[in-house]
>>> print(open('model-v3.cif').read())   # mmCIF, C-alpha atoms
data_protein
loop_
_atom_site.label_atom_id
_atom_site.label_comp_id
_atom_site.auth_asym_id
_atom_site.auth_seq_id
_atom_site.Cartn_x
_atom_site.Cartn_y
_atom_site.Cartn_z
CA ALA A 13 23.50 -3.54 -12.71
CA PRO A 14 25.41 -4.05 -15.95
CA GLY A 15 23.28 -5.93 -18.46
CA ALA A 16 20.12 -5.37 -16.39
CA ARG A 17 16.94 -6.03 -18.30
CA THR A 18 13.25 -5.81 -17.65
CA GLY A 19 10.57 -7.60 -19.58
CA ARG A 20 6.88 -7.68 -20.33
CA GLY A 21 4.70 -10.42 -18.97
CA ALA A 22 3.16 -11.61 -15.73
CA GLY A 23 6.45 -10.70 -14.10
CA GLY A 24 7.46 -10.69 -10.55
CA GLY A 25 9.33 -13.91 -9.93
CA VAL A 26 9.92 -14.13 -6.20
CA CYS A 27 8.83 -10.48 -5.91
CA GLN A 28 5.33 -11.48 -7.01
CA VAL A 29 5.30 -13.70 -3.92
CA SER A 30 6.59 -10.95 -1.62
CA THR A 31 4.19 -8.37 -3.10
CA ALA A 32 1.18 -10.68 -2.66
CA CYS A 33 2.20 -11.49 0.93
CA PHE A 34 2.83 -7.80 1.71
CA ARG A 35 -0.60 -6.85 0.41
CA ALA A 36 -2.33 -9.51 2.52
CA ALA A 37 -0.53 -8.26 5.64
CA PHE A 38 -1.14 -4.63 4.65
CA TRP A 39 -4.89 -5.06 4.12
CA GLY A 40 -5.14 -7.26 7.21
CA GLY A 41 -3.74 -4.43 9.34
CA TYR A 42 -0.78 -6.47 10.53
CA PRO A 43 2.31 -4.48 11.59
CA ILE A 44 4.84 -4.33 8.74
CA LEU A 45 8.30 -4.64 10.29
CA GLU A 46 10.37 -4.56 7.09
CA ARG A 47 9.36 -3.79 3.51
CA TRP A 48 11.40 -2.59 0.53
CA PRO A 49 9.92 -1.24 -2.71
CA HIS A 50 11.27 -2.25 -6.10
CA SER A 51 14.05 -0.03 -7.48
CA TYR A 52 12.01 0.51 -10.63
CA ARG A 53 8.26 0.78 -11.01
CA ALA A 54 6.87 -2.65 -11.84
CA PRO A 55 3.67 -2.19 -13.90
CA TRP A 56 2.50 -5.75 -13.17
CA CYS A 57 2.00 -4.58 -9.56
CA GLU A 58 -0.70 -2.17 -10.73
CA GLU A 59 -2.50 -4.28 -13.34
CA ASP A 60 -5.13 -5.38 -10.80
CA GLY A 61 -6.03 -1.77 -9.96
CA SER A 62 -3.74 -1.53 -6.93
CA PRO A 63 -2.21 1.88 -6.36
CA VAL A 64 1.43 2.50 -7.19
CA GLY A 65 3.59 1.96 -4.11
CA LEU A 66 1.92 -1.22 -2.88
CA ASP A 67 4.75 -3.60 -3.86
CA ALA A 68 7.48 -5.40 -1.93
CA ALA A 69 10.87 -6.54 -3.22
CA VAL A 70 13.04 -9.21 -1.64
CA LEU A 71 16.66 -10.02 -2.38
CA SER A 72 18.47 -12.37 -0.03
CA PRO A 73 20.28 -11.49 2.15
CA LEU A 74 19.80 -7.72 1.66
CA LEU A 75 16.07 -7.04 1.31
CA ASP A 76 13.41 -8.83 3.31
CA LEU A 77 9.71 -8.65 4.03
CA LYS A 78 8.63 -9.04 7.65
CA PHE A 79 5.27 -8.59 9.32
CA ARG A 80 4.01 -9.55 12.78
CA ASN A 81 0.90 -11.40 13.81
CA ASP A 82 -0.20 -9.10 16.63
CA THR A 83 -3.18 -11.23 17.61
CA ASP A 84 -3.31 -13.77 20.43
CA THR A 85 -4.00 -16.63 18.03
CA PRO A 86 -2.13 -18.18 15.11
CA ILE A 87 -3.01 -17.31 11.54
CA LEU A 88 -3.22 -19.67 8.61
CA VAL A 89 -1.46 -18.32 5.53
CA LEU A 90 -3.10 -19.80 2.45
CA THR A 91 -1.68 -19.24 -1.03
CA GLU A 92 -3.48 -19.75 -4.30
CA VAL A 93 -2.31 -19.52 -7.90
CA ASP A 94 -4.82 -18.47 -10.53
CA GLU A 95 -3.32 -20.01 -13.65
CA ASP A 96 -5.83 -18.26 -15.92
CA ASP A 97 -4.61 -14.77 -15.00
CA GLY A 98 -1.09 -15.76 -13.88
CA ARG A 99 -1.50 -14.32 -10.39
CA LEU A 100 -0.66 -15.45 -6.89
CA TYR A 101 -2.94 -14.70 -3.95
CA PHE A 102 -2.32 -14.83 -0.20
CA ARG A 103 -5.18 -15.18 2.26
CA PHE A 104 -4.78 -14.94 6.02
CA TYR A 105 -7.24 -16.80 8.24
CA GLY A 106 -7.46 -16.39 12.01
CA ALA A 107 -9.55 -14.95 14.81
CA ALA A 108 -12.06 -12.30 13.79
CA ARG A 109 -10.52 -8.84 13.81
CA SER A 110 -12.39 -5.62 14.30
CA ARG A 111 -10.00 -3.59 12.14
CA GLU A 112 -10.83 -1.75 8.96
CA VAL A 113 -8.00 -0.74 6.63
CA GLU A 114 -8.11 2.06 4.07
CA THR A 115 -5.49 3.95 2.11
CA GLU A 116 -4.80 7.62 1.61
CA GLY A 117 -2.91 8.54 -1.52
CA PRO A 118 -0.81 7.71 -3.37
CA ILE A 119 0.90 11.08 -3.29
CA ILE A 120 3.32 11.27 -6.22
CA SER A 121 6.25 13.68 -6.27
CA ASN A 122 9.68 14.19 -7.82
CA ARG A 123 8.72 12.71 -11.19
CA VAL A 124 11.75 12.13 -13.45
CA GLU A 125 11.11 11.30 -17.09
CA ALA A 126 12.32 7.92 -18.32
CA GLY A 127 14.72 9.60 -20.72
CA GLU A 128 15.64 8.97 -24.33
CA PRO A 129 15.26 5.43 -25.65
CA ILE A 130 18.33 3.25 -26.06
CA PHE A 131 18.99 1.64 -29.46
CA GLU A 132 21.24 -1.41 -29.53
CA GLY A 133 22.47 -3.08 -32.70
CA ASP A 134 21.58 -6.73 -33.21
CA PRO A 135 22.99 -8.48 -36.30
CA SER A 136 20.57 -11.39 -35.84
CA LEU A 137 17.64 -9.14 -36.84
CA PRO A 138 16.88 -8.22 -40.47
CA LEU A 139 18.46 -4.96 -41.60
CA GLY A 140 16.36 -2.01 -40.42
CA ALA A 141 14.10 -4.09 -38.14
CA ARG A 142 13.39 -2.59 -34.74
CA VAL A 143 12.11 -4.61 -31.77
CA GLN A 144 11.19 -3.02 -28.45
CA VAL A 145 12.53 -5.09 -25.54
CA GLU A 146 12.25 -2.60 -22.66
CA TRP A 147 9.37 -0.27 -21.85
CA PRO A 148 9.88 3.17 -20.31
CA HIS A 149 8.89 4.03 -16.75
CA ASP A 150 9.25 7.45 -15.18
CA GLY A 151 11.05 7.69 -11.88
CA LEU A 152 8.98 9.01 -9.00
CA ASP A 153 8.56 9.17 -5.27
CA VAL A 154 5.34 7.71 -3.88
CA THR A 155 3.88 8.15 -0.41
CA LEU A 156 0.95 5.94 0.54
CA TYR A 157 -0.73 6.00 3.95
CA ARG A 158 -2.42 3.05 5.62
CA LEU A 159 -5.28 4.05 7.91
CA ILE A 160 -6.31 1.44 10.46
CA GLU A 161 -9.62 1.91 12.25
CA ARG A 162 -11.28 -0.02 15.05
CA ASP A 163 -14.92 0.59 15.90
CA GLY A 164 -14.93 3.63 13.60
CA ARG A 165 -11.96 5.24 15.39
CA LEU A 166 -8.57 5.80 13.76
CA ILE A 167 -5.96 3.81 15.70
CA ALA A 168 -3.01 4.10 13.30
CA LYS A 169 -1.85 6.11 10.31
CA GLU A 170 1.29 4.60 8.78
CA GLU A 171 3.41 5.93 5.93
CA PHE A 172 4.79 3.71 3.18
CA PHE A 173 7.36 5.44 0.98
CA SER A 174 8.71 4.21 -2.35
CA ARG A 175 11.33 5.77 -4.61
CA TYR A 176 11.36 4.41 -8.15
CA GLN A 177 14.25 5.16 -10.50
CA PRO A 178 13.55 6.06 -14.16
CA TRP A 179 13.97 3.33 -16.78
CA PRO A 180 14.26 4.15 -20.50
CA ALA A 181 12.81 2.21 -23.41
CA ARG A 182 15.29 -0.05 -25.20
CA TYR A 183 15.15 -1.28 -28.79
CA LEU A 184 17.14 -3.84 -30.72
CA VAL A 185 17.88 -2.67 -34.26
CA GLY A 186 18.85 -4.91 -37.18
CA LEU A 187 22.35 -4.31 -38.53
CA PRO A 188 23.97 -5.43 -41.76
CA ARG A 189 25.20 -8.96 -41.42
CA ALA A 190 28.95 -9.36 -41.51
CA ARG A 191 30.12 -10.83 -44.79
CA PRO A 192 32.31 -13.87 -44.49
CA ARG A 193 35.90 -13.14 -45.39
CA THR A 194 37.29 -14.92 -48.38
CA THR A 195 40.95 -15.49 -48.88
CA PRO A 196 42.39 -15.36 -52.41
#
>>> encode(input="model-v3.cif", output="C-alpha cells")
Amino acid sequence: APGARTGRGAGGGVCQVSTACFRAAFWGGYPILERWPHSYRAPWCEEDGSPVGLDAAVLSPLLDLKFRNDTDTPILVLTEVDEDDGRLYFRFYGAARSREVETEGPIISNRVEAGEPIFEGDPSLPLGARVQVEWPHDGLDVTLYRLIERDGRLIAKEEFFSRYQPWPARYLVGLPRARPRTTP
C-alpha cells in the first residue's frame, strides 16, 4: 500500500493475537479452517524460536483465522500477557487429548532478495545523517507440515503454505534545510 511502513519492536498488533491463537490451535492439533500468512515476513514471529511460516494475519473483513474444537467437550481459551517480554500467550484447556503434534520443515523455496535499500530525504535530520527505519527481509515461499499422531500412529499430515514478499531496507537521510526567503 502507498506509504506502507514496517517497524522494529515487539510488533504484531492484532496479528500478534491471531498468531498466538493460531499456534495454540496448531500445537493442540485442532483443525485449522482458515489461516492467512502475513504478506511480508514478520521477524517478531520467529524471535521465540518458532519456525518461519507459523504466523497468522487477520484483516477484517478479508482475512480471518478459524479453527474448530473437534472434541465432544468445550475448551477454555485462556490468554496471558507477559509484560516483561512483551508477548501474548494462548492456552487451551479441555478434556485430555491423546494427540501428539510435530512439524516437518520448514521447506524454503523461491527466495527473492530484498533488493536495494531505499533512501528518502528528510529535512528534519541534520545534513548527512542517516537513520534506518525499515529492515530488509527476503521474499520466500515456506511449506511447513503438521504431523498429528495418536497412540504412535500418524493420523494426519497437513500442509501450511506461506508466501512472503520481499521488503527492502529504508533509510531517512538528512538534507540541507531550506533557507527562509527574504524580500528586499
>>> atom_distance(input="model-v3.cif", atom1="CA of Arg109 in chain A", atom2="CA of Arg47 in chain A")
23.0 Å
>>> closest_atom_pairs(input="model-v3.cif", of="range 77-129 of chain A", to="range 54-61 of chain A", cutoff="12 Å", atoms="all atoms listed in the file", output="Markdown table")
| residue | atom | partner | partner_atom | distance |
| --- | --- | --- | --- | --- |
| A:Asp97 | CA | A:Asp60 | CA | 10.3 |
| A:Gly98 | CA | A:Trp56 | CA | 10.7 |
| A:Arg99 | CA | A:Asp60 | CA | 9.7 |
| A:Leu100 | CA | A:Cys57 | CA | 11.5 |
| A:Tyr101 | CA | A:Asp60 | CA | 11.8 |
>>> closest_atom_pairs(input="model-v3.cif", of="range 50-92 of chain A", to="range 117-136 of chain A", cutoff="8 Å", atoms="all atoms listed in the file", output="JSON lines")
{"residue": "A:Pro63", "atom": "CA", "partner": "A:Pro118", "partner_atom": "CA", "distance": 6.7}
{"residue": "A:Val64", "atom": "CA", "partner": "A:Pro118", "partner_atom": "CA", "distance": 6.8}
{"residue": "A:Gly65", "atom": "CA", "partner": "A:Pro118", "partner_atom": "CA", "distance": 7.3}
>>> closest_residue(input="model-v3.cif", among="A:Arg53, A:Asp96, A:Ala37, A:Thr115", to="Asn81 in chain A", atoms="all atoms listed in the file")
A:Ala37
>>> atom_distance(input="model-v3.cif", atom1="CA of Arg158 in chain A", atom2="CA of Phe102 in chain A")
18.8 Å
>>> resolve_selection(input="model-v3.cif", expression="the PyMOL selection byres ((chain A and resi 50) around 7)", output="list in words")
Trp48, Pro49, Ser51, Tyr52, Arg53, Ala68, Ala69 and Tyr176 of chain A
>>> residues_near_point(input="model-v3.cif", point="(-5.1, -16.2, -2.0)", cutoff="12 Å", atoms="all atoms listed in the file", output="number ranges by chain")
A: 29, 32-33, 35-37, 88-94, 99-105
>>> write_last_selection(input="model-v3.cif", atoms="C-alpha atoms", output="tab-separated table (two decimals), keeping the file's coordinate frame")
chain	number	residue	atom	x	y	z
A	29	VAL	CA	5.30	-13.70	-3.92
A	32	ALA	CA	1.18	-10.68	-2.66
A	33	CYS	CA	2.20	-11.49	0.93
A	35	ARG	CA	-0.60	-6.85	0.41
A	36	ALA	CA	-2.33	-9.51	2.52
A	37	ALA	CA	-0.53	-8.26	5.64
A	88	LEU	CA	-3.22	-19.67	8.61
A	89	VAL	CA	-1.46	-18.32	5.53
A	90	LEU	CA	-3.10	-19.80	2.45
A	91	THR	CA	-1.68	-19.24	-1.03
A	92	GLU	CA	-3.48	-19.75	-4.30
A	93	VAL	CA	-2.31	-19.52	-7.90
A	94	ASP	CA	-4.82	-18.47	-10.53
A	99	ARG	CA	-1.50	-14.32	-10.39
A	100	LEU	CA	-0.66	-15.45	-6.89
A	101	TYR	CA	-2.94	-14.70	-3.95
A	102	PHE	CA	-2.32	-14.83	-0.20
A	103	ARG	CA	-5.18	-15.18	2.26
A	104	PHE	CA	-4.78	-14.94	6.02
A	105	TYR	CA	-7.24	-16.80	8.24
>>> closest_residue(input="model-v3.cif", among="A:Thr31, A:Ala108, A:Asp67, A:Pro188", to="Arg175 in chain A", atoms="all atoms listed in the file")
A:Asp67
>>> residues_near_point(input="model-v3.cif", point="(13.8, -2.3, -33.9)", cutoff="9 Å", atoms="all atoms listed in the file", output="PDB file with C-alpha atoms, keeping the file's coordinate frame")
ATOM      1  CA  PHE A 131      18.990   1.640 -29.460  1.00  0.00           C
ATOM      2  CA  GLU A 132      21.240  -1.410 -29.530  1.00  0.00           C
ATOM      3  CA  GLY A 133      22.470  -3.080 -32.700  1.00  0.00           C
ATOM      4  CA  ASP A 134      21.580  -6.730 -33.210  1.00  0.00           C
ATOM      5  CA  LEU A 137      17.640  -9.140 -36.840  1.00  0.00           C
ATOM      6  CA  GLY A 140      16.360  -2.010 -40.420  1.00  0.00           C
ATOM      7  CA  ALA A 141      14.100  -4.090 -38.140  1.00  0.00           C
ATOM      8  CA  ARG A 142      13.390  -2.590 -34.740  1.00  0.00           C
ATOM      9  CA  VAL A 143      12.110  -4.610 -31.770  1.00  0.00           C
ATOM     10  CA  GLN A 144      11.190  -3.020 -28.450  1.00  0.00           C
ATOM     11  CA  VAL A 145      12.530  -5.090 -25.540  1.00  0.00           C
ATOM     12  CA  TYR A 183      15.150  -1.280 -28.790  1.00  0.00           C
ATOM     13  CA  LEU A 184      17.140  -3.840 -30.720  1.00  0.00           C
ATOM     14  CA  VAL A 185      17.880  -2.670 -34.260  1.00  0.00           C
ATOM     15  CA  GLY A 186      18.850  -4.910 -37.180  1.00  0.00           C
TER      16      GLY A 186
END
>>> atom_distance(input="model-v3.cif", atom1="CA of Glu161 in chain A", atom2="CA of Arg80 in chain A")
17.8 Å
>>> closest_residue(input="model-v3.cif", among="A:Ile160, A:Leu75, A:Ala107, A:Val154", to="Pro43 in chain A", atoms="all atoms listed in the file")
A:Ile160
>>> closest_residue(input="model-v3.cif", among="A:Leu139, A:Gly41, A:Thr195, A:Leu66", to="Glu112 in chain A", atoms="only C-alpha atoms")
A:Gly41
>>> residues_around(input="model-v3.cif", residues="Ser110 in chain A", least_positions_apart="6", cutoff="12 Å", atoms="only C-alpha atoms", output="list in words")
Gly40, Gly41, Thr83, Ile160, Glu161, Arg162, Asp163, Gly164, Arg165 and Ile167 of chain A
>>> resolve_selection(input="model-v3.cif", expression="the PyMOL selection byres ((chain A and resi 149) around 6)", output="ChimeraX atom specification")
/A:126,148,150,178-179
>>> axis_aligned_box(input="model-v3.cif", around="range 55-69 of chain A", padding_each_side="8 Å", output="AutoDock Vina command-line options")
--center_x 2.4 --center_y -2.0 --center_z -7.9 --size_x 32.9 --size_y 25.0 --size_z 28.0
>>> resolve_selection(input="model-v3.cif", expression="the PyMOL selection byres ((chain A and resi 45) around 6)", output="list in words")
Ile44, Glu46, Lys78 and Phe79 of chain A
